[in-house]
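K.L.:
Just so it is clear, I am handing over input.txt, which has compact mmCIF, C-alpha atoms and all ligand atoms.
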# COMPACT_ATOMS: atom_id res chain seq x y z
CA MET O 1 0.00 0.00 0.00
CA LYS O 2 2.91 2.30 0.74
CA ASP O 3 3.92 2.06 -2.93
CA MET O 4 0.47 3.10 -4.04
CA LEU O 5 0.56 6.06 -1.69
CA ASP O 6 3.95 7.05 -3.09
CA GLU O 7 2.30 7.53 -6.47
CA PHE O 8 0.35 10.40 -4.98
CA ARG O 9 3.32 12.15 -3.39
CA VAL O 10 4.23 15.55 -4.79
CA THR O 11 7.99 15.16 -5.05
CA ASP O 12 9.09 18.26 -6.99
CA ALA O 13 8.12 21.63 -5.56
CA PRO O 14 5.30 22.98 -7.72
CA PHE O 15 6.07 26.64 -8.46
CA TRP O 16 3.79 28.94 -6.49
CA ARG O 17 4.12 32.72 -6.53
CA GLN O 18 2.54 33.82 -3.30
CA THR O 19 -0.05 36.56 -3.85
CA SER O 20 -1.15 37.27 -0.30
CA ASP O 21 -1.31 35.29 2.94
CA GLU O 22 -2.77 32.18 1.29
CA VAL O 23 0.03 29.84 2.38
CA GLU O 24 -0.31 30.89 5.99
CA LEU O 25 -4.11 30.59 5.94
CA PHE O 26 -4.14 27.17 4.34
CA THR O 27 -1.49 25.94 6.78
CA ALA O 28 -3.61 27.12 9.70
CA ALA O 29 -6.65 25.30 8.29
CA TRP O 30 -4.51 22.20 7.83
CA ASP O 31 -3.20 22.41 11.41
CA ALA O 32 -6.78 22.57 12.67
CA ARG O 33 -7.93 19.99 10.07
CA ILE O 34 -10.64 22.32 8.84
CA PRO O 35 -11.90 21.40 5.33
CA VAL O 36 -11.04 24.09 2.79
CA MET O 37 -13.01 25.45 -0.15
CA LEU O 38 -11.01 27.32 -2.82
CA LYS O 39 -13.32 29.75 -4.62
CA GLY O 40 -12.54 31.46 -7.88
CA PRO O 41 -12.76 31.39 -11.67
CA THR O 42 -11.28 28.55 -13.70
CA GLY O 43 -7.58 28.86 -14.49
CA CYS O 44 -6.63 31.23 -11.69
CA GLY O 45 -4.32 28.88 -9.78
CA LYS O 46 -6.48 26.86 -7.37
CA THR O 47 -5.18 23.46 -8.46
CA ARG O 48 -1.58 24.61 -8.54
CA PHE O 49 -1.98 26.03 -5.04
CA VAL O 50 -3.24 22.71 -3.63
CA GLU O 51 -0.36 20.89 -5.32
CA HIS O 52 2.07 23.35 -3.81
CA MET O 53 0.54 23.04 -0.34
CA ALA O 54 0.52 19.22 -0.50
CA TRP O 55 4.22 19.37 -1.29
CA ARG O 56 4.89 21.91 1.47
CA LEU O 57 3.00 19.87 4.05
CA GLY O 58 4.53 16.62 2.82
CA ARG O 59 1.15 14.97 2.24
CA PRO O 60 0.13 12.85 -0.75
CA LEU O 61 -2.50 14.47 -2.95
CA VAL O 62 -5.47 12.62 -4.45
CA THR O 63 -7.25 14.76 -7.05
CA VAL O 64 -10.72 14.03 -8.40
CA ALA O 65 -12.15 16.00 -11.34
CA CYS O 66 -15.86 16.03 -10.55
CA ASN O 67 -18.50 15.57 -13.22
CA GLU O 68 -22.23 15.11 -13.32
CA ASP O 69 -22.06 11.38 -14.06
CA MET O 70 -20.03 10.74 -10.95
CA THR O 71 -21.79 8.62 -8.36
CA ALA O 72 -21.12 8.29 -4.65
CA SER O 73 -19.62 4.85 -5.40
CA ASP O 74 -17.09 6.46 -7.74
CA LEU O 75 -15.86 8.46 -4.76
CA VAL O 76 -16.29 5.96 -1.98
CA GLY O 77 -15.60 2.61 -3.63
CA ARG O 78 -17.29 -0.57 -4.81
CA TYR O 79 -17.03 -4.33 -5.02
CA LEU O 80 -15.32 -5.55 -8.18
CA LEU O 81 -15.60 -8.97 -9.71
CA ASP O 82 -12.38 -10.74 -10.53
CA ALA O 83 -11.19 -14.33 -11.03
CA ASP O 84 -11.26 -15.01 -7.27
CA GLY O 85 -14.71 -13.62 -6.68
CA THR O 86 -15.53 -10.18 -5.42
CA ARG O 87 -13.07 -7.73 -3.94
CA TRP O 88 -13.61 -4.31 -2.44
CA GLN O 89 -11.83 -1.39 -4.04
CA ASP O 90 -11.55 1.91 -2.20
CA GLY O 91 -12.60 4.94 -4.24
CA PRO O 92 -10.30 7.99 -4.22
CA LEU O 93 -12.04 9.64 -1.25
CA THR O 94 -11.83 6.48 0.87
CA PHE O 95 -8.23 5.88 -0.17
CA ALA O 96 -7.28 9.41 0.91
CA ALA O 97 -9.21 9.18 4.20
CA ARG O 98 -7.69 5.78 5.02
CA HIS O 99 -4.09 6.74 4.30
CA GLY O 100 -3.94 10.37 5.31
CA ALA O 101 -3.77 12.15 1.97
CA ILE O 102 -5.20 15.50 0.97
CA CYS O 103 -8.26 14.81 -1.19
CA TYR O 104 -8.93 17.57 -3.72
CA LEU O 105 -12.36 17.53 -5.35
CA ASP O 106 -12.01 19.84 -8.32
CA GLU O 107 -15.17 21.67 -9.52
CA VAL O 108 -17.28 19.94 -6.93
CA VAL O 109 -20.40 21.78 -8.09
CA GLU O 110 -20.37 19.57 -11.20
CA ALA O 111 -21.14 16.53 -9.08
CA ARG O 112 -24.75 15.64 -8.31
CA GLN O 113 -25.90 16.67 -4.86
CA ASP O 114 -26.41 13.09 -3.71
CA THR O 115 -22.74 12.49 -4.53
CA THR O 116 -21.63 15.60 -2.71
CA VAL O 117 -23.37 14.63 0.51
CA ALA O 118 -21.14 11.54 0.67
CA ILE O 119 -18.39 13.86 1.94
CA HIS O 120 -20.46 15.31 4.77
CA PRO O 121 -19.59 12.83 7.55
CA LEU O 122 -15.89 13.38 6.80
CA THR O 123 -16.24 17.12 7.24
CA ASP O 124 -17.73 17.18 10.69
CA ASP O 125 -16.09 16.44 14.00
CA ARG O 126 -16.54 12.70 13.68
CA ARG O 127 -14.35 12.55 10.56
CA VAL O 128 -15.82 9.23 9.56
CA LEU O 129 -16.86 7.70 6.25
CA PRO O 130 -19.59 5.05 6.30
CA LEU O 131 -18.87 2.38 3.68
CA GLU O 132 -22.39 1.03 3.67
CA LYS O 133 -21.91 -1.69 1.07
CA LYS O 134 -18.89 -2.98 2.92
CA GLY O 135 -20.34 -2.59 6.39
CA GLU O 136 -17.38 -0.50 7.56
CA LEU O 137 -17.31 2.81 9.37
CA LEU O 138 -13.96 4.25 8.38
CA GLN O 139 -12.33 6.64 10.82
CA ALA O 140 -10.31 9.14 8.82
CA HIS O 141 -6.54 9.13 9.25
CA PRO O 142 -5.36 12.08 11.41
CA ASP O 143 -3.58 13.61 8.39
CA PHE O 144 -6.56 13.44 6.05
CA LEU O 145 -7.87 16.76 4.72
CA ILE O 146 -10.59 17.47 2.22
CA VAL O 147 -10.26 20.42 -0.16
CA ILE O 148 -12.81 21.42 -2.80
CA SER O 149 -12.77 23.99 -5.55
CA TYR O 150 -15.78 25.98 -6.55
CA ASN O 151 -16.36 28.59 -9.23
CA PRO O 152 -19.09 30.94 -7.98
CA GLY O 153 -19.33 32.48 -11.48
CA TYR O 154 -21.00 29.33 -12.81
CA GLN O 155 -23.54 28.98 -10.10
CA SER O 156 -27.17 28.71 -11.06
CA LEU O 157 -30.26 27.58 -9.24
CA MET O 158 -29.91 24.15 -10.76
CA LYS O 159 -26.25 23.89 -10.00
CA ASP O 160 -25.06 25.26 -6.73
CA LEU O 161 -23.62 23.80 -3.61
CA LYS O 162 -26.12 23.16 -0.86
CA GLN O 163 -25.74 25.46 2.13
CA SER O 164 -25.29 22.35 4.24
CA THR O 165 -22.24 21.51 2.14
CA LYS O 166 -20.82 25.03 1.90
CA GLN O 167 -21.00 25.64 5.60
CA ARG O 168 -18.69 22.74 6.35
CA PHE O 169 -15.74 24.47 4.73
CA ALA O 170 -13.52 27.43 5.47
CA ALA O 171 -13.34 29.33 2.20
CA MET O 172 -10.47 31.13 0.48
CA ASN O 173 -11.12 33.51 -2.39
CA PHE O 174 -8.88 33.30 -5.43
CA THR O 175 -8.81 35.76 -8.26
CA TRP O 176 -6.48 36.83 -11.07
CA PRO O 177 -3.06 37.72 -9.75
CA GLU O 178 -2.31 41.45 -9.77
CA GLY O 179 -0.45 42.69 -12.90
CA GLU O 180 3.23 42.37 -12.00
CA THR O 181 2.68 39.10 -10.19
CA GLU O 182 0.81 37.62 -13.13
CA ALA O 183 3.61 38.72 -15.47
CA GLU O 184 6.14 36.95 -13.24
CA ILE O 185 4.02 33.80 -13.31
CA LEU O 186 3.73 33.93 -17.12
CA ALA O 187 7.45 34.49 -17.54
CA HIS O 188 8.18 31.52 -15.30
CA GLU O 189 5.57 29.13 -16.67
CA ALA O 190 5.95 29.92 -20.37
CA GLY O 191 9.65 30.79 -20.35
CA ILE O 192 9.07 34.15 -22.03
CA ASP O 193 10.73 37.52 -21.36
CA SER O 194 9.12 39.94 -18.97
CA GLU O 195 8.20 42.42 -21.72
CA THR O 196 6.15 39.84 -23.62
CA ALA O 197 4.63 38.63 -20.35
CA GLY O 198 3.66 42.21 -19.48
CA LYS O 199 1.85 42.62 -22.81
CA LEU O 200 -0.08 39.39 -22.35
CA VAL O 201 -1.12 40.56 -18.88
CA GLU O 202 -2.48 43.80 -20.40
CA ILE O 203 -4.52 41.82 -22.94
CA GLY O 204 -5.82 39.63 -20.12
CA ALA O 205 -6.87 42.71 -18.15
CA ARG O 206 -8.74 44.13 -21.16
CA SER O 207 -10.62 40.89 -21.66
CA ARG O 208 -11.56 40.76 -17.99
CA ASN O 209 -13.19 44.17 -18.34
CA LEU O 210 -15.47 42.62 -20.95
CA LYS O 211 -16.86 40.13 -18.48
CA GLY O 212 -20.59 40.68 -18.31
CA HIS O 213 -20.43 42.79 -21.50
CA GLY O 214 -20.41 39.88 -23.92
CA LEU O 215 -17.97 37.54 -22.22
CA ASP O 216 -19.00 35.10 -19.49
CA GLU O 217 -15.47 34.95 -18.14
CA GLY O 218 -12.29 36.90 -18.79
CA VAL O 219 -9.16 35.28 -20.18
CA SER O 220 -7.58 33.13 -17.46
CA THR O 221 -3.98 32.98 -16.30
CA ARG O 222 -3.91 29.47 -17.78
CA MET O 223 -4.87 30.82 -21.22
CA LEU O 224 -2.25 33.55 -21.03
CA ILE O 225 0.34 30.86 -20.25
CA HIS O 226 -0.79 28.94 -23.34
CA ALA O 227 -0.34 32.06 -25.49
CA GLY O 228 3.10 32.59 -23.95
CA ARG O 229 4.13 29.02 -24.71
CA LEU O 230 3.05 29.34 -28.35
CA ILE O 231 5.08 32.54 -28.63
CA LYS O 232 8.02 30.81 -27.00
CA GLY O 233 7.61 28.05 -29.61
CA GLY O 234 8.08 30.57 -32.41
CA ILE O 235 4.46 31.47 -33.29
CA ALA O 236 3.89 35.15 -34.10
CA PRO O 237 2.31 36.84 -31.05
CA ARG O 238 -0.93 37.86 -32.82
CA ALA O 239 -1.54 34.34 -34.12
CA ALA O 240 -0.65 32.90 -30.73
CA CYS O 241 -3.15 35.19 -29.01
CA SER O 242 -5.90 34.40 -31.53
CA MET O 243 -5.42 30.72 -30.99
CA ALA O 244 -4.90 30.58 -27.23
CA LEU O 245 -7.04 33.50 -26.09
CA VAL O 246 -9.55 34.93 -28.56
CA ASN O 247 -10.87 31.84 -30.32
CA SER O 248 -11.09 29.84 -27.13
CA ILE O 249 -13.03 32.35 -25.11
CA THR O 250 -15.73 33.42 -27.56
CA ASP O 251 -17.68 32.30 -30.60
CA ASP O 252 -19.17 35.73 -31.14
CA PRO O 253 -17.65 37.52 -34.18
CA ASP O 254 -18.05 41.03 -32.68
CA MET O 255 -16.46 40.01 -29.44
CA ARG O 256 -13.65 38.35 -31.39
CA ASP O 257 -13.02 41.59 -33.26
CA ALA O 258 -12.94 43.53 -29.98
CA LEU O 259 -10.41 41.13 -28.53
CA ASP O 260 -8.31 41.00 -31.69
CA ALA O 261 -8.18 44.80 -31.54
CA ALA O 262 -6.92 44.60 -27.95
CA VAL O 263 -4.24 42.15 -29.06
CA ALA O 264 -3.22 44.47 -31.91
CA THR O 265 -2.72 47.33 -29.43
CA TRP O 266 0.04 45.37 -27.73
CA PHE O 267 1.54 43.19 -30.45
P1 LIG D 301 -7.63 26.39 -11.51
O1 LIG D 301 -7.38 25.17 -10.69
O2 LIG D 301 -8.00 27.60 -10.71
O3 LIG D 301 -8.55 26.16 -12.66
P2 LIG D 301 -4.81 26.16 -12.19
O4 LIG D 301 -4.27 25.92 -10.85
O5 LIG D 301 -4.80 25.04 -13.16
O6 LIG D 301 -6.25 26.82 -12.16
O7 LIG D 301 -4.00 27.42 -12.78
C1 LIG D 301 -3.61 27.55 -14.12
C2 LIG D 301 -2.14 27.85 -14.19
O8 LIG D 301 -1.91 29.18 -13.71
C3 LIG D 301 -1.28 26.96 -13.31
O9 LIG D 301 -0.91 25.79 -13.99
C4 LIG D 301 -0.08 27.82 -13.05
O10 LIG D 301 0.83 27.67 -14.11
C5 LIG D 301 -0.62 29.24 -13.13
N1 LIG D 301 -0.72 29.99 -11.86
C6 LIG D 301 -1.80 30.73 -11.46
N2 LIG D 301 -1.54 31.36 -10.31
C7 LIG D 301 -0.28 31.03 -9.95
C8 LIG D 301 0.58 31.40 -8.85
N3 LIG D 301 0.17 32.26 -7.90
N4 LIG D 301 1.82 30.87 -8.82
C9 LIG D 301 2.23 30.04 -9.79
N5 LIG D 301 1.48 29.66 -10.86
C10 LIG D 301 0.24 30.15 -10.94
Mind turning the file's structure into structure tokens?

P.N.:
Amino acid sequence: MKDMLDEFRVTDAPFWRQTSDEVELFTAAWDARIPVMLKGPTGCGKTRFVEHMAWRLGRPLVTVACNEDMTASDLVGRYLLDADGTRWQDGPLTFAARHGAICYLDEVVEARQDTTVAIHPLTDDRRVLPLEKKGELLQAHPDFLIVISYNPGYQSLMKDLKQSTKQRFAAMNFTWPEGETEAEILAHEAGIDSETAGKLVEIGARSRNLKGHGLDEGVSTRMLIHAGRLIKGGIAPRAACSMALVNSITDDPDMRDALDAAVATWF
């Protein structure tokens, strides 16, 4: 089992450019074993932050990308049939709770509510997980922590976290890094010079102003990194921005023109 756990260890330090007191806050939540909810738009650094914190705290990290077809059994586990009969297999949540990993449920709002409630008993003082099919009440390992990510921008009446789920977590707000910081991140992640990174950051900022005026979301840090990597690979900056930023974020021709114009201001 140790070998399997090793697969989830974060061995190389994931680069994290601190933007505020997030490391301190997360560490305090970890020390108190309070479940953490990372709130913010897609591509702003939530996943990278958890990877960095898992490395810092020396805990294995089990990540689950949530989707609407996911059942509670996918998280908790199930009996499998093999040549010798049936055998129980822990799901990722159970595996993490049993062995003391950090379990990161990415985009938890995508999961159906009956799946989400499976995490409830692990997030209260009992820190247990009932494995009903197996007839086991699993007591979570002392080093187990549950972390979820949640994009409030996508919330709708049909798809939102129940209050009873939300209120089990301490929440940290993530947003786009401030200009110079984001440029540093781009330069590091894409391997581009700081001047090019600075221009991409300006284009990102323009697009974010269009949120609610034709765009559902602004260009993310992740998308800016993609543009930077294309430029680094020898693609002309305007073409790189069209491909990585403009065409990905909108299908609307007018909006595309507006964004292309922003790109042309800088490149
Ligand atoms: P999310 O989980 O919010 O969708 P990610 O964690 O995948 O977003 O972030 C996208 C990319 O942005 C990361 O792979 C990383 O390269 C970069 N990034 C964002 N913020 C930071 C930061 N503060 N330090 C280092 N990299 C960052």

K.L.:
What gap, in Å, lies between atom CA of O:Ile203 and atom CA of O:Asn151?

P.N.:
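It comes out at 22.4 Å.
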
K.L.:
Could you please extract the residues within 10 Å of ligand LIG 301 (chain D), counting all atoms listed in the file, and hand them back as a PyMOL selection string?

P.N.:
chain O and resi 14-20+22+38-52+106-107+149-151+174-178+181-182+184-186+188-190+220-226

K.L.:
Give the answer as one residue: which of O:Asp74, O:Asp252, O:Glu195, O:Glu202 has the shortest atom-to-atom distance to O:Asp216, using all atoms listed in the file?

P.N.:
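Answer, going by the shortest atom-to-atom distance: O:Asp252.
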
K.L.:
I'd like the contact shell of O:Ala258 - 12 Å cut-off, all atoms listed in the file, skipping same-chain residues fewer than 3 positions apart - returned as a list in words.

P.N.:
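Near O:Ala258, the qualifying residues are Ile203, Arg206, Ser207, Asn209, Leu210, His213, Gly214, Leu215, Ser242, Val246, Asn247, Thr250, Asp252, Pro253, Asp254, Met255, Ala261, Ala262, Val263, Ala264 and Thr265 of chain O.
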
K.L.:
With all atoms listed in the file as the basis for distance, which of O:Pro237, O:Pro121, O:Gly218, O:Gly212 is at the shortest distance from O:Lys199?

P.N.:
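Comparing O:Pro237, O:Pro121, O:Gly218, O:Gly212 against O:Lys199, the winner is O:Pro237.
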
K.L.:
Could you list, as a list of chain:residue names, every residue within 8 Å of O:Ala29, counting all atoms listed in the file and ignoring same-chain residues fewer than 6 positions away?

P.N.:
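Here the qualifying residues turn out to be O:Pro35, O:Val36, O:Ala170.
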
K.L.:
With C-alpha atoms retained, write the just-selected residues as a PDB file, in the coordinates of the input.

P.N.:
ATOM      1  CA  PRO O  35     -11.900  21.400   5.330  1.00  0.00           C
ATOM      2  CA  VAL O  36     -11.040  24.090   2.790  1.00  0.00           C
ATOM      3  CA  ALA O 170     -13.520  27.430   5.470  1.00  0.00           C
TER       4      ALA O 170
END

K.L.:
So which one's closest to O:Lys134, O:Arg87, O:Arg9, O:Arg98, O:Lys159? Using only C-alpha atoms, please.

P.N.:
O:Arg87

K.L.:
When you look at O:Gln139 with a cut-off of 10 Å (counting all atoms listed in the file), what residues show up, excluding the ones that are within fewer than 3 positions of it in the same chain? I need them as a list in words.

P.N.:
Thr94, Ala97, Arg98, Leu122, Arg126, Arg127, Val128, Leu129, Pro130, Glu136 and Pro142 of chain O

K.L.:
Pick out the residues sitting within 8 Å of O:Met70, and hand them over as a PDB file with C-alpha atoms, in the coordinates of the input; count all atoms listed in the file, and ignore anything fewer than 6 positions along from it in its own chain.

P.N.:
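What landed in part_38.pdb:
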ATOM      1  CA  ALA O 111     -21.140  16.530  -9.080  1.00  0.00           C
ATOM      2  CA  ARG O 112     -24.750  15.640  -8.310  1.00  0.00           C
ATOM      3  CA  THR O 115     -22.740  12.490  -4.530  1.00  0.00           C
TER       4      THR O 115
END

K.L.:
With only C-alpha atoms as the atoms that count, which of O:Leu200, O:Thr11, O:Leu61, O:Ile34 lies nearest to O:Ala171?

P.N.:
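Of the candidates, the smallest distance to O:Ala171 is held by O:Ile34.
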
K.L.:
Smallest atom-to-atom distance to O:Ala239: which of O:Asp260, O:Glu7, O:Asp143, O:Asp12, using only C-alpha atoms?

P.N.:
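With only C-alpha atoms as the atom set, the closest residue is O:Asp260.
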